[in-house]
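Raw contents of protein.cif, mmCIF, C-alpha atoms:
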```
data_upload
loop_
_atom_site.label_atom_id
_atom_site.label_comp_id
_atom_site.auth_asym_id
_atom_site.auth_seq_id
_atom_site.Cartn_x
_atom_site.Cartn_y
_atom_site.Cartn_z
CA MET O 1 47.71 213.46 45.69
CA VAL O 2 46.48 216.23 43.37
CA TRP O 3 42.96 215.56 44.66
CA GLY O 4 44.21 215.83 48.25
CA LEU O 5 45.76 219.22 47.60
CA VAL O 6 42.57 220.43 45.93
CA LEU O 7 40.68 219.41 49.08
CA VAL O 8 43.20 221.31 51.16
CA LEU O 9 42.36 224.49 49.27
CA LEU O 10 38.63 223.83 49.32
CA GLY O 11 38.78 222.85 52.97
CA ALA O 12 39.90 226.30 53.90
CA CYS O 13 36.65 227.25 52.28
CA SER O 14 30.04 229.12 51.12
CA GLY O 15 27.23 227.02 50.24
CA ALA O 16 23.71 228.25 49.69
CA GLU O 17 21.89 225.39 51.41
CA GLY O 18 21.63 223.99 54.91
CA ALA O 19 22.40 225.81 58.16
CA ASP O 20 24.02 229.22 58.13
CA ALA O 21 27.78 229.21 58.58
CA GLY O 22 30.03 231.01 61.02
CA VAL O 23 32.95 230.77 58.61
CA LYS O 24 32.82 230.74 54.83
CA GLY O 25 35.60 229.99 52.38
CA ARG O 26 36.03 230.23 48.64
CA VAL O 27 38.69 228.92 46.30
CA THR O 28 38.73 230.86 43.03
CA GLN O 29 39.87 229.65 39.62
CA LYS O 30 43.17 231.43 40.27
CA GLY O 31 43.59 229.43 43.46
CA LEU O 32 42.72 226.19 41.69
CA GLN O 33 45.29 226.88 38.97
CA TYR O 34 47.95 227.49 41.59
CA GLY O 35 46.88 224.31 43.35
CA GLN O 36 47.37 222.49 40.06
CA GLN O 37 50.86 223.92 39.69
CA PHE O 38 52.29 222.97 43.08
CA GLY O 39 50.02 219.92 43.38
CA LEU O 40 51.44 218.33 40.24
CA GLU O 41 54.97 219.12 41.37
CA LEU O 42 54.34 217.38 44.67
CA ALA O 43 52.50 214.53 42.96
CA LEU O 44 55.45 213.93 40.61
CA ALA O 45 57.85 213.78 43.55
CA LEU O 46 55.63 211.28 45.36
CA LEU O 47 54.96 209.17 42.25
CA ARG O 48 58.68 208.69 41.74
CA LYS O 49 58.74 207.01 45.15
CA GLU O 50 55.56 205.03 44.51
CA GLN O 51 55.70 201.42 43.35
CA VAL O 52 53.26 200.50 40.58
CA PRO O 53 51.34 197.23 41.17
CA ASP O 54 52.90 194.10 39.65
CA LEU O 55 51.59 192.87 36.30
CA ASN O 56 51.14 189.18 35.53
CA GLY O 57 49.80 187.39 32.48
CA SER O 58 50.63 185.31 29.46
CA TYR O 59 50.98 185.80 25.73
CA ASN O 60 51.37 183.55 22.70
CA LEU O 61 54.59 184.44 20.85
CA PRO O 62 55.36 183.14 17.35
CA LEU O 63 57.85 180.24 17.32
CA ILE O 64 58.01 180.21 21.13
CA GLY O 65 54.42 179.50 22.14
CA VAL O 66 52.75 180.56 25.38
CA VAL O 67 54.96 182.79 27.50
CA GLY O 68 53.99 183.49 31.09
CA TYR O 69 55.30 186.82 32.31
CA SER O 70 55.59 188.71 35.57
CA VAL O 71 56.55 192.39 35.77
CA SER O 72 57.49 193.69 39.21
CA ARG O 73 59.28 196.54 41.04
CA ILE O 74 57.84 199.00 38.55
CA ARG O 75 59.01 202.56 39.19
CA ILE O 76 58.16 205.83 37.49
CA GLN O 77 61.46 207.34 36.36
CA GLU O 78 60.05 210.31 34.48
CA LEU O 79 56.63 211.90 34.13
CA GLN O 80 55.96 214.84 31.80
CA LEU O 81 52.59 216.55 32.04
CA SER O 82 53.19 219.51 29.77
CA GLU O 83 49.50 219.86 28.84
CA SER O 84 47.17 219.62 31.81
CA SER O 85 44.31 221.60 33.26
CA LEU O 86 42.37 221.62 36.53
CA SER O 87 38.93 223.22 36.56
CA PHE O 88 35.74 223.25 38.58
CA SER O 89 33.04 220.81 37.50
CA GLU O 90 29.82 222.65 38.29
CA GLY O 91 27.63 220.78 40.75
CA THR O 92 30.14 217.93 41.14
CA GLY O 93 33.67 218.87 42.14
CA VAL O 94 36.91 219.20 40.21
CA ARG O 95 37.95 218.01 36.77
CA LEU O 96 41.51 217.07 35.76
CA VAL O 97 42.40 216.82 32.06
CA VAL O 98 45.84 215.66 30.91
CA SER O 99 46.87 215.51 27.23
CA HIS O 100 50.00 214.30 25.43
CA ALA O 101 51.69 213.15 28.63
CA ARG O 102 54.79 210.96 28.66
CA ILE O 103 55.87 208.38 31.25
CA LEU O 104 59.13 206.47 31.51
CA LEU O 105 58.93 203.29 33.64
CA SER O 106 61.52 200.77 34.73
CA GLY O 107 61.27 197.44 36.51
CA VAL O 108 62.12 193.75 36.58
CA TRP O 109 60.73 191.08 34.24
CA ARG O 110 60.45 187.36 34.64
CA VAL O 111 59.19 184.89 32.03
CA MET O 112 58.55 181.20 31.70
CA ALA O 113 58.95 180.09 28.08
CA LEU O 114 59.27 176.45 26.99
CA PHE O 115 59.51 175.58 30.72
CA VAL O 116 62.67 177.68 30.98
CA PRO O 117 62.66 180.62 33.44
CA ASP O 118 64.41 183.86 32.56
CA SER O 119 64.64 187.35 34.07
CA GLY O 120 66.13 190.79 33.65
CA SER O 121 65.23 194.48 33.71
CA PHE O 122 63.25 196.65 31.31
CA HIS O 123 62.34 200.22 30.38
CA VAL O 124 58.91 201.21 29.09
CA SER O 125 58.21 204.54 27.39
CA VAL O 126 54.56 205.61 27.25
CA SER O 127 53.70 208.60 25.08
CA GLY O 128 50.53 210.27 23.87
CA LEU O 129 48.82 209.59 27.20
CA SER O 130 45.50 211.35 27.81
CA LEU O 131 43.47 211.30 30.99
CA SER O 132 40.17 212.89 31.97
CA ALA O 133 38.96 212.46 35.56
CA GLU O 134 36.41 214.06 37.87
CA LEU O 135 36.49 214.19 41.65
CA GLY O 136 33.11 214.53 43.35
CA VAL O 137 32.97 216.52 46.59
CA SER O 138 30.25 216.34 49.24
CA ARG O 139 29.71 216.17 53.01
CA ASP O 140 29.04 213.22 55.30
CA ASP O 141 26.74 213.15 58.33
CA SER O 142 29.59 214.06 60.69
CA GLY O 143 30.41 217.30 58.83
CA ARG O 144 33.56 215.96 57.18
CA PRO O 145 34.36 216.39 53.49
CA GLN O 146 33.45 213.39 51.36
CA VAL O 147 34.97 212.56 47.98
CA TRP O 148 34.48 209.97 45.28
CA SER O 149 35.75 209.24 41.80
CA ALA O 150 32.96 210.56 39.58
CA SER O 151 34.58 209.52 36.29
CA CYS O 152 37.89 208.48 34.75
CA HIS O 153 38.87 207.83 31.13
CA SER O 154 42.37 207.30 29.76
CA THR O 155 44.06 206.43 26.48
CA ILE O 156 47.65 205.65 25.51
CA GLY O 157 48.96 206.61 22.11
CA ARG O 158 52.18 204.60 22.01
CA LEU O 159 54.07 202.18 24.22
CA ASP O 160 57.68 201.12 23.59
CA VAL O 161 59.43 198.46 25.66
CA LYS O 162 63.12 197.54 25.85
CA PHE O 163 64.37 194.45 27.71
CA HIS O 164 67.79 194.10 29.32
CA GLY O 165 69.61 191.04 30.70
CA GLY O 166 68.83 187.36 30.30
CA ALA O 167 67.68 186.47 26.81
CA SER O 168 66.53 190.01 26.24
CA TRP O 169 68.05 189.99 22.74
CA LEU O 170 65.41 187.39 21.88
CA TYR O 171 62.45 189.07 23.55
CA ASN O 172 63.35 192.43 22.02
CA LEU O 173 62.65 190.80 18.65
CA PHE O 174 59.03 190.38 19.71
CA THR O 175 58.38 193.67 21.49
CA GLY O 176 55.96 194.62 18.74
CA ALA O 177 53.76 191.69 19.72
CA LEU O 178 53.98 192.63 23.42
CA GLN O 179 53.12 196.29 22.96
CA GLU O 180 49.36 195.89 22.62
CA PRO O 181 48.74 193.71 25.73
CA LEU O 182 51.11 195.86 27.80
CA ARG O 183 49.50 199.06 26.51
CA HIS O 184 46.08 197.70 27.46
CA GLU O 185 47.27 196.69 30.94
CA VAL O 186 49.06 199.98 31.67
CA ASN O 187 46.04 201.95 30.45
CA LYS O 188 43.77 199.94 32.75
CA GLN O 189 46.04 200.63 35.71
CA LEU O 190 45.86 204.41 35.24
CA CYS O 191 42.23 204.78 36.34
CA LEU O 192 42.53 201.93 38.84
CA GLY O 193 45.44 203.76 40.46
CA LEU O 194 43.55 207.04 40.48
CA ARG O 195 40.47 205.43 42.06
CA LYS O 196 42.70 203.86 44.70
CA GLY O 197 44.17 207.28 45.48
CA VAL O 198 40.67 208.74 45.85
CA SER O 199 39.69 205.84 48.14
CA ASP O 200 42.78 206.47 50.27
CA LEU O 201 41.85 210.14 50.47
CA GLU O 202 38.28 209.27 51.46
CA ARG O 203 39.51 207.03 54.28
CA ALA O 204 41.78 209.82 55.52
CA LEU O 205 38.90 212.32 55.47
CA LYS O 206 36.69 209.97 57.53
CA ILE O 207 39.04 210.34 60.49
CA MET O 208 39.97 213.97 59.89
CA PRO O 209 39.32 216.06 63.04
CA VAL O 210 36.63 218.73 62.70
CA THR O 211 37.19 220.28 66.12
CA ALA O 212 40.31 221.60 67.80
CA GLN O 213 41.02 222.56 71.40
CA LEU O 214 42.67 225.97 71.45
CA ASP O 215 43.49 226.35 75.15
CA PRO O 216 42.19 225.16 78.54
CA PHE O 217 38.98 227.17 78.03
CA ALA O 218 37.90 226.93 74.40
CA ALA O 219 37.66 224.60 71.43
CA PHE O 220 36.65 225.39 67.86
CA ASP O 221 34.19 223.50 65.62
CA TYR O 222 35.02 223.79 61.93
CA SER O 223 32.81 221.00 60.59
CA LEU O 224 30.89 221.48 57.36
CA VAL O 225 27.27 222.58 57.80
CA SER O 226 26.31 221.91 54.18
CA LYS O 227 27.79 220.18 51.20
CA PRO O 228 30.35 222.17 49.19
CA MET O 229 28.86 224.27 46.42
CA ILE O 230 30.84 224.02 43.19
CA ALA O 231 30.17 226.73 40.60
CA ARG O 232 31.75 227.23 37.19
CA ASP O 233 34.56 229.46 38.45
CA HIS O 234 34.84 228.81 42.19
CA GLY O 235 34.28 226.30 44.98
CA ASP O 236 32.64 227.26 48.29
CA MET O 237 32.39 225.62 51.70
CA ASP O 238 30.37 226.57 54.78
CA LEU O 239 31.92 225.77 58.16
CA LYS O 240 30.18 225.88 61.53
CA GLY O 241 32.82 228.22 62.91
CA GLU O 242 31.66 228.06 66.53
CA PHE O 243 33.68 228.20 69.74
CA TYR O 244 32.56 226.07 72.66
CA GLY O 245 33.75 225.41 76.18
CA VAL O 246 36.17 222.60 76.94
CA GLY O 247 34.53 219.83 78.95
CA LYS O 248 31.05 221.32 78.64
CA HIS O 249 29.50 222.06 75.26
CA THR O 250 27.04 224.81 76.25
CA GLU O 251 25.10 226.14 73.29
CA SER O 252 25.92 229.73 72.41
CA PRO O 253 23.04 232.23 72.74
CA PHE O 254 23.96 233.48 69.26
CA SER O 255 22.95 232.18 65.86
CA PRO O 256 24.91 232.78 62.65
CA ALA O 257 23.32 235.28 60.29
CA PRO O 258 23.54 234.64 56.54
CA PHE O 259 26.21 236.55 54.64
CA LEU O 260 27.66 236.33 51.15
CA LEU O 261 31.26 236.47 50.07
CA PRO O 262 32.02 239.15 47.45
CA ASP O 263 33.31 238.33 43.99
CA GLU O 264 37.06 238.85 44.14
CA GLY O 265 38.43 236.45 41.57
CA ASP O 266 41.81 238.18 41.49
CA ARG O 267 42.72 236.44 44.79
CA MET O 268 43.21 232.71 45.31
CA LEU O 269 41.33 232.34 48.57
CA LEU O 270 38.56 234.23 50.36
CA LEU O 271 37.77 233.65 54.03
CA GLY O 272 34.73 235.16 55.72
CA LEU O 273 34.89 235.20 59.55
CA SER O 274 31.50 236.15 60.97
CA GLU O 275 30.75 238.18 64.07
CA PHE O 276 28.90 235.04 65.26
CA SER O 277 32.24 233.22 65.54
CA ALA O 278 33.82 236.07 67.49
CA ASN O 279 30.83 236.39 69.81
CA SER O 280 30.68 232.63 70.43
CA ALA O 281 34.32 232.88 71.52
CA ALA O 282 33.50 235.80 73.83
CA PHE O 283 30.63 233.77 75.33
CA VAL O 284 32.93 230.83 76.08
CA TYR O 285 35.68 232.90 77.68
CA PHE O 286 33.23 235.06 79.67
CA THR O 287 31.37 231.98 80.95
CA ALA O 288 34.69 230.41 81.98
CA GLY O 289 35.71 233.55 83.85
CA ALA O 290 38.71 233.98 81.62
CA LEU O 291 38.07 237.56 80.56
CA ARG O 292 40.47 239.06 83.07
CA LYS O 293 43.71 240.63 81.96
CA LYS O 294 46.58 242.63 83.39
CA LEU O 295 47.74 245.19 80.87
CA THR O 296 51.14 246.90 81.02
CA ASP O 297 52.70 249.50 78.77
CA SER O 298 55.07 246.94 77.22
CA MET O 299 52.03 245.09 75.83
CA ILE O 300 50.81 248.15 73.91
CA PRO O 301 52.08 248.53 70.30
CA LYS O 302 54.85 251.13 70.06
CA ARG O 303 52.97 253.14 67.45
CA SER O 304 49.94 253.60 69.71
CA PRO O 305 49.39 257.28 70.60
CA ILE O 306 48.10 256.21 74.02
CA ARG O 307 50.64 254.94 76.55
CA LEU O 308 49.99 253.25 79.86
CA ASN O 309 51.60 255.80 82.16
CA THR O 310 50.46 258.74 84.25
CA ARG O 311 51.64 261.25 81.68
CA SER O 312 49.42 259.83 78.90
CA LEU O 313 46.34 258.89 80.96
CA GLY O 314 46.71 262.09 82.94
CA LEU O 315 45.22 263.84 79.91
CA PHE O 316 41.91 262.20 80.83
CA CYS O 317 42.41 262.25 84.58
CA PRO O 318 44.58 265.31 85.51
CA GLN O 319 44.79 264.13 89.13
CA LEU O 320 47.02 261.26 88.05
CA LYS O 321 49.62 263.58 86.60
CA ARG O 322 49.68 265.71 89.75
CA LEU O 323 49.84 262.85 92.29
CA TYR O 324 52.10 260.43 90.40
CA PRO O 325 54.13 262.33 87.82
CA GLY O 326 55.99 260.25 85.22
CA LEU O 327 55.25 256.76 86.60
CA PRO O 328 54.22 253.57 84.74
CA MET O 329 50.76 252.12 85.21
CA GLU O 330 48.91 248.82 85.04
CA LEU O 331 45.29 248.21 84.09
CA HIS O 332 43.50 245.20 85.54
CA LEU O 333 40.62 244.53 83.16
CA SER O 334 37.58 242.34 83.75
CA ALA O 335 34.29 241.88 81.92
CA ARG O 336 31.01 242.43 83.75
CA LYS O 337 28.99 241.28 80.76
CA GLN O 338 29.88 239.32 77.69
CA PRO O 339 31.57 241.53 75.06
CA LEU O 340 29.63 241.87 71.83
CA LEU O 341 31.31 242.47 68.47
CA THR O 342 29.42 243.98 65.55
CA CYS O 343 30.88 244.23 62.05
CA ARG O 344 29.86 247.13 59.85
CA PRO O 345 31.40 248.12 56.52
CA GLY O 346 34.82 249.53 57.31
CA SER O 347 34.54 249.35 61.10
CA LEU O 348 34.26 247.04 64.09
CA ALA O 349 31.99 248.01 67.00
CA LEU O 350 32.79 246.42 70.36
CA ALA O 351 30.22 246.63 73.14
CA LEU O 352 32.37 246.14 76.22
CA ALA O 353 30.67 246.16 79.61
CA GLY O 354 33.52 245.80 82.04
CA ALA O 355 35.59 247.34 84.74
CA ALA O 356 39.15 248.61 84.69
CA GLU O 357 41.06 249.02 87.90
CA ALA O 358 44.06 251.24 87.37
CA PHE O 359 47.25 251.01 89.40
CA VAL O 360 50.32 253.20 89.49
CA VAL O 361 53.56 251.25 89.74
CA LEU O 362 55.52 253.01 92.49
CA PRO O 363 59.34 253.18 92.51
CA ASN O 364 59.47 250.36 95.10
CA ALA O 365 57.42 248.13 92.67
CA THR O 366 54.29 248.19 94.83
CA LEU O 367 50.94 249.12 93.31
CA ALA O 368 48.88 252.13 94.30
CA SER O 369 45.21 251.98 93.30
CA ALA O 370 44.45 255.00 91.18
CA PHE O 371 40.74 254.66 90.48
CA LEU O 372 38.01 252.16 89.85
CA LEU O 373 35.73 253.05 86.98
CA HIS O 374 33.16 251.45 84.72
CA LEU O 375 34.14 251.71 81.08
CA VAL O 376 32.43 254.84 79.76
CA LYS O 377 32.02 256.61 76.43
CA VAL O 378 35.49 258.12 76.60
CA LEU O 379 37.17 254.75 76.85
CA GLU O 380 34.94 253.38 74.07
CA LYS O 381 36.12 256.17 71.80
CA LEU O 382 39.71 255.44 72.74
CA LEU O 383 39.26 251.76 71.91
CA LYS O 384 37.76 252.63 68.52
CA LEU O 385 40.64 255.00 67.84
CA ALA O 386 43.20 252.36 68.80
CA LEU O 387 41.41 249.77 66.66
CA ARG O 388 41.40 251.99 63.58
CA LEU O 389 44.89 253.43 63.96
CA VAL O 390 46.74 250.47 65.42
CA VAL O 391 44.99 247.11 65.45
CA LEU O 392 43.75 246.83 61.87
CA PRO O 393 46.93 248.25 60.27
CA MET O 394 49.01 245.90 62.41
CA ALA O 395 46.81 242.96 61.42
CA ASN O 396 47.23 243.82 57.75
CA LYS O 397 50.99 244.17 58.19
CA LYS O 398 51.22 240.82 59.94
CA LEU O 399 49.09 239.13 57.34
CA ARG O 400 51.16 240.59 54.50
CA GLU O 401 54.19 238.95 56.06
CA GLY O 402 52.30 235.67 55.92
CA PHE O 403 51.79 233.00 58.53
CA PRO O 404 51.74 229.23 58.22
CA LEU O 405 48.55 227.24 57.84
CA PRO O 406 49.09 224.38 60.31
CA SER O 407 49.73 220.91 58.88
CA ILE O 408 48.63 221.76 55.35
CA TYR O 409 51.46 220.86 52.99
CA ASN O 410 53.71 223.83 53.78
CA LEU O 411 51.14 226.39 52.69
CA SER O 412 51.16 229.98 53.91
CA LEU O 413 49.08 233.06 53.17
CA ALA O 414 50.68 235.49 50.73
CA ASP O 415 49.82 239.21 50.65
CA PRO O 416 46.49 238.85 52.51
CA HIS O 417 44.25 241.86 53.06
CA VAL O 418 41.66 242.25 55.83
CA THR O 419 38.51 244.32 55.40
CA VAL O 420 35.41 244.63 57.57
CA LYS O 421 32.09 243.93 55.84
CA GLN O 422 28.50 243.85 57.10
CA GLY O 423 28.40 241.04 59.62
CA PHE O 424 31.84 239.57 58.92
CA VAL O 425 35.53 240.18 58.42
CA LEU O 426 36.88 239.29 54.97
CA VAL O 427 40.39 237.96 54.41
CA ALA O 428 41.28 238.02 50.70
CA THR O 429 44.60 236.35 50.07
CA ASP O 430 46.85 234.38 47.80
CA VAL O 431 48.52 231.16 48.92
CA GLN O 432 52.19 230.24 48.73
CA TYR O 433 53.71 226.75 48.77
CA LYS O 434 57.25 226.17 49.95
CA ALA O 435 58.83 222.76 49.62
#
```
Represent the supplied structure as structure tokens.
Amino acid sequence: MVWGLVLVLLGACSGAEGADAGVKGRVTQKGLQYGQQFGLELALALLRKEQVPDLNGSYNLPLIGVVGYSVSRIRIQELQLSESSLSFSEGTGVRLVVSHARILLSGVWRVMALFVPDSGSFHVSVSGLSLSAELGVSRDDSGRPQVWSASCHSTIGRLDVKFHGGASWLYNLFTGALQEPLRHEVNKQLCLGLRKGVSDLERALKIMPVTAQLDPFAAFDYSLVSKPMIARDHGDMDLKGEFYGVGKHTESPFSPAPFLLPDEGDRMLLLGLSEFSANSAAFVYFTAGALRKKLTDSMIPKRSPIRLNTRSLGLFCPQLKRLYPGLPMELHLSARKQPLLTCRPGSLALALAGAAEAFVVLPNATLASAFLLHLVKVLEKLLKLALRLVVLPMANKKLREGFPLPSIYNLSLADPHVTVKQGFVLVATDVQYKA
């Protein structure tokens, strides 16, 4: 489960090889440490519900002879991982190191000694447990994440067992003789259980969707375009990040340009959203004829200095104020050409070739056509002003409030900040887990 949560963080995530990406993501060491914190908490809760595989075997006890035993319904009652660390394993994936851990197990025992069956319950205390494991991370041919157990080593310092019920008073006399075979078996199960968990995760990743339909017009491809790149202090992933039309996957006329994420290790997660992604979306919606919109004053943010009424727009067209004083307006917008977004440091440039038909809403609710104009330099300046004064501050405010990441273990962005870089928009954020 810890590995799964690590993949969740990495999966939001830039590699240096393969095709260029439309979306890049980076998990920093700070993000990995937080993933360790809430990942272990979640893992402990799940392990308490998990049933350990049954153990069967035999042992030769003094005075009794060969005793066949079966241990079943094994449950983890307590797990203390006071000393553990999760770090990047450069070129491979992620490394988990646990030292001086303690586990308390309970279950049911059955024995056959001298042809006489007996049964009862037991408690096992395991202390001085150490575990070192590596998870390898790659990419399969379909663009899905791929994982494997790169290594696993474990040791157990001490194992104490206490039997209850049946002839437990007799078997408790020989617990010293049972400790070594049980310690060996429990130690063997640690890495076997971890490898099974990694195999389960790998099977889940094989059927993980890498595309999502957003609406009747567009779907989004977030498959990996190269294998994850694991450095000493961060893990990067490159995603295709392309929008395409529903029902017809027409190739976008745009190609992603290479870009690099900045070093901002003080945040848990970095997301780079390229102008290629935005322009592929514009291509899909324009091709589908979906770039038509009716805009009313209620849809404009309250803090905008420009209102959709004759008083405000009359500043640019004085005739409006004279003919229709103090009336609300509607703008019917449509694109004549595909919009083109360009990201430059600190600013977004939107090339918008379209038409806006303006209507005055008369007192009887009918519409009076005010003018038909092609969007000119004045409107472009107004859009830039609105973007700088309204849109970006509102986006930052919304992101600071946080929003849920869908279906990812109750994760949400915490205190994210949006900045515009050359060729992409950067979201630098922390992540918050809520049970």
Would you write out, as a VMD selection string, every residue that the PyMOL selection byres ((chain O and resi 146-150) around 12) captures in this file? chain O and resid 3 to 4 6 to 7 10 to 11 89 91 to 96 132 to 145 151 to 153 191 to 208 223 to 224 226 to 228
To one decimal place, how far is CA of Phe243 (chain O) from CA of Ala278 (chain O) in Å?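 Interatomic distance, CA of Phe243 (chain O) to CA of Ala278 (chain O): 8.2 Å.
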Taking (36.8, 237.8, 70.2) in the file's coordinates as the center, which residues reach within 12 Å of it, counting all atoms listed in the file, put as a list in words? Ala218, Glu242, Phe243, Leu273, Ser274, Glu275, Phe276, Ser277, Ala278, Asn279, Ser280, Ala281, Ala282, Phe283, Val284, Tyr285, Phe286, Leu291, Gln338, Pro339, Leu340, Leu341, Thr342, Cys343, Leu348, Ala349, Leu350, Ala351 and Leu352 of chain O
Please measure the separation of CA of Ala355 (chain O) and CA of Leu295 (chain O), giving the value in Å to one decimal.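 Separation of CA of Ala355 (chain O) and CA of Leu295 (chain O): 12.9 Å.
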If I take CA of Lys294 (chain O) and CA of Gln319 (chain O), how far is one from the other in Å, to one decimal?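 One can read the CA of Lys294 (chain O) to CA of Gln319 (chain O) distance as 22.3 Å.
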Of the candidates O:Met112, O:Leu413, O:Val27, O:Val126, which shows the shortest atom-to-atom distance to Gln77 (chain O), using all atoms listed in the file?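 When distances to Gln77 (chain O) are compared using all atoms listed in the file, the smallest one comes from O:Val126.
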His234 (chain O) environment, 9 Å, all atoms listed in the file, sequence neighbours closer than 6 positions dropped, as a list of chain:residue names: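 Once the adjacent positions are removed, what remains is O:Arg26, O:Val27, O:Thr28, O:Gln29, O:Lys30, O:Gly31, O:Leu32, O:Ser87, O:Phe88, O:Glu90, O:Gly265.
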